[in-house]
Each structure stands twice: as C-alpha cells, then as structure tokens.
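Visitor: The structure file data09.cif (mmCIF, C-alpha atoms; chains and numbers go by the auth columns) is provided below.
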```cif
data_work
loop_
_atom_site.group_PDB
_atom_site.id
_atom_site.type_symbol
_atom_site.label_atom_id
_atom_site.label_comp_id
_atom_site.label_asym_id
_atom_site.label_seq_id
_atom_site.Cartn_x
_atom_site.Cartn_y
_atom_site.Cartn_z
_atom_site.B_iso_or_equiv
_atom_site.auth_seq_id
_atom_site.auth_asym_id
ATOM 1 C CA MET A 1 -6.942 -39.868 38.212 0.00 9 D
ATOM 2 C CA ARG A 2 -6.151 -37.373 35.464 0.00 10 D
ATOM 3 C CA LYS A 3 -2.727 -37.572 33.859 0.00 11 D
ATOM 4 C CA LEU A 4 -0.807 -34.289 33.742 0.00 12 D
ATOM 5 C CA LYS A 5 0.733 -33.216 30.449 0.00 13 D
ATOM 6 C CA SER A 6 4.471 -33.241 30.209 0.00 14 D
ATOM 7 C CA VAL A 7 6.328 -30.001 29.593 0.00 15 D
ATOM 8 C CA SER A 8 7.230 -31.247 26.126 0.00 16 D
ATOM 9 C CA GLN A 9 3.579 -31.969 25.273 0.00 17 D
ATOM 10 C CA THR A 10 2.483 -28.586 26.638 0.00 18 D
ATOM 11 C CA ASN A 11 5.145 -26.823 24.548 0.00 19 D
ATOM 12 C CA HIS A 12 4.087 -28.798 21.473 0.00 20 D
ATOM 13 C CA ASP A 13 0.443 -27.824 21.977 0.00 21 D
ATOM 14 C CA GLU A 14 1.349 -24.154 22.417 0.00 22 D
ATOM 15 C CA ILE A 15 3.515 -24.205 19.277 0.00 23 D
ATOM 16 C CA LEU A 16 0.618 -25.659 17.269 0.00 24 D
ATOM 17 C CA MET A 17 -1.677 -22.941 18.627 0.00 25 D
ATOM 18 C CA MET A 18 0.866 -20.245 17.693 0.00 26 D
ATOM 19 C CA LYS A 19 1.190 -21.674 14.165 0.00 27 D
ATOM 20 C CA GLY A 20 -2.579 -21.411 13.766 0.00 28 D
ATOM 21 C CA GLU A 21 -2.527 -17.810 14.954 0.00 29 D
ATOM 22 C CA MET A 22 0.305 -17.011 12.533 0.00 30 D
ATOM 23 C CA LYS A 23 -1.711 -18.442 9.638 0.00 31 D
ATOM 24 C CA LEU A 24 -4.639 -16.200 10.599 0.00 32 D
ATOM 25 C CA LEU A 25 -2.347 -13.153 10.788 0.00 33 D
ATOM 26 C CA LYS A 26 -0.878 -13.934 7.360 0.00 34 D
ATOM 27 C CA LYS A 27 -4.401 -14.204 5.952 0.00 35 D
ATOM 28 C CA ASP A 28 -5.422 -10.871 7.500 0.00 36 D
ATOM 29 C CA ILE A 29 -2.299 -9.155 6.144 0.00 37 D
ATOM 30 C CA SER A 30 -2.977 -10.581 2.701 0.00 38 D
ATOM 31 C CA ILE A 31 -6.563 -9.306 2.774 0.00 39 D
ATOM 32 C CA ILE A 32 -5.417 -5.840 3.806 0.00 40 D
ATOM 33 C CA LYS A 33 -2.669 -5.765 1.192 0.00 41 D
ATOM 34 C CA ASN A 34 -4.731 -7.052 -1.710 0.00 42 D
ATOM 35 C CA ASN A 35 -8.173 -5.665 -1.016 0.00 43 D
ATOM 36 C CA HIS A 36 -8.213 -2.643 1.246 0.00 44 D
ATOM 37 C CA LEU A 37 -5.196 -0.962 -0.334 0.00 45 D
ATOM 38 C CA ARG A 38 -6.821 -1.255 -3.771 0.00 46 D
ATOM 39 C CA HIS A 39 -9.931 0.473 -2.511 0.00 47 D
ATOM 40 C CA LEU A 40 -7.894 3.206 -0.841 0.00 48 D
ATOM 41 C CA ASP A 41 -5.905 3.743 -4.040 0.00 49 D
ATOM 42 C CA TYR A 42 -9.144 4.061 -6.016 0.00 50 D
ATOM 43 C CA LYS A 43 -10.560 6.607 -3.576 0.00 51 D
ATOM 44 C CA ILE A 44 -7.364 8.660 -3.592 0.00 52 D
ATOM 45 C CA THR A 45 -7.394 8.664 -7.396 0.00 53 D
ATOM 46 C CA GLN A 46 -10.979 9.931 -7.370 0.00 54 D
ATOM 47 C CA ILE A 47 -10.070 12.724 -4.928 0.00 55 D
ATOM 48 C CA GLN A 48 -7.138 13.736 -7.145 0.00 56 D
ATOM 49 C CA LYS A 49 -9.451 13.992 -10.156 0.00 57 D
ATOM 50 C CA VAL A 50 -11.835 16.235 -8.233 0.00 58 D
ATOM 51 C CA LEU A 51 -8.956 18.437 -7.086 0.00 59 D
ATOM 52 C CA TRP A 52 -7.755 18.869 -10.695 0.00 60 D
ATOM 53 C CA VAL A 53 -11.243 19.940 -11.764 0.00 61 D
ATOM 54 C CA VAL A 54 -11.418 22.452 -8.897 0.00 62 D
ATOM 55 C CA PHE A 55 -7.932 23.740 -9.770 0.00 63 D
ATOM 56 C CA ALA A 56 -8.922 24.171 -13.416 0.00 64 D
ATOM 57 C CA GLY A 57 -12.082 26.054 -12.388 0.00 65 D
ATOM 58 C CA VAL A 58 -10.183 28.393 -10.058 0.00 66 D
ATOM 59 C CA THR A 59 -7.554 29.019 -12.738 0.00 67 D
ATOM 60 C CA ALA A 60 -10.253 29.803 -15.303 0.00 68 D
ATOM 61 C CA ASN A 61 -11.904 32.237 -12.900 0.00 69 D
ATOM 62 C CA ILE A 62 -8.595 33.997 -12.212 0.00 70 D
ATOM 63 C CA ILE A 63 -7.897 34.349 -15.948 0.00 71 D
ATOM 64 C CA HIS A 64 -11.414 35.671 -16.513 0.00 72 D
ATOM 65 C CA ALA A 65 -11.041 38.165 -13.672 0.00 73 D
ATOM 66 C CA LEU A 66 -7.705 39.383 -15.065 0.00 74 D
ATOM 67 C CA ASN A 67 -9.290 39.853 -18.496 0.00 75 D
ATOM 68 C CA LEU A 68 -12.044 41.983 -16.951 0.00 76 D
ATOM 69 C CA ILE A 69 -9.498 44.168 -15.158 0.00 77 D
ATOM 70 C CA GLY A 70 -7.161 44.589 -18.111 0.00 78 D
#
```
Have the structure of the file written as structure tokens, please.
Guide:
Amino acid sequence: MRKLKSVSQTNHDEILMMKGEMKLLKKDISIIKNNHLRHLDYKITQIQKVLWVVFAGVTANIIHALNLIG
C-alpha cells in the first residue's frame, strides 16, 4: 500500500519547486539585462549615427539649393 504524503510534506515539495523556478527566472532576467540590452543599445547607437549622416546630407543639399537660388 502506498503511503500518502502529508500536507506539510506536499507544501515543502511545492516550495522547493517554486524556489527552483525563481532561480530560473532570476537567471533569465539577468541574461536579458546584461546581454540583450547591450545589443539593443549598440543597435540604437548605430541607427543614431546613420540618422546624423542623413541629416547632414539633407542639410548640405538644402544649403546648396539655397546657394543656387540666391
């Protein structure tokens, strides 16, 4: 005959399982914070550089066009 777990033992087992899940969540959050955010920051920086180059080119074209008119 199989012995049934007590409520206390069942609660203990569930708490241990939850602690394991919390450790995995902390690890996932750490990976996102330390790795993915760095890559996103790098990509955003690259996009900003491209936008500055485009802005400089448009500004140069506007100045050139104004010089041709005037």
Visitor: Please measure the separation of CA of Leu32 (chain D) and CA of Ile52 (chain D), giving the value in Å to one decimal.
Guide: 28.8 Å
Visitor: Could you check how far CA of Asn19 (chain D) sits from CA of Asp36 (chain D), in Å to one decimal?
Guide: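 Going from CA of Asn19 (chain D) over to CA of Asp36 (chain D), I get 25.6 Å.
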Visitor: Would you mind reading off the distance between CA of Asn43 (chain D) and CA of Lys27 (chain D), one decimal, in Å?
Guide: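 CA of Lys27 (chain D) lies at a distance of 24.0 Å from CA of Asn43 (chain D).
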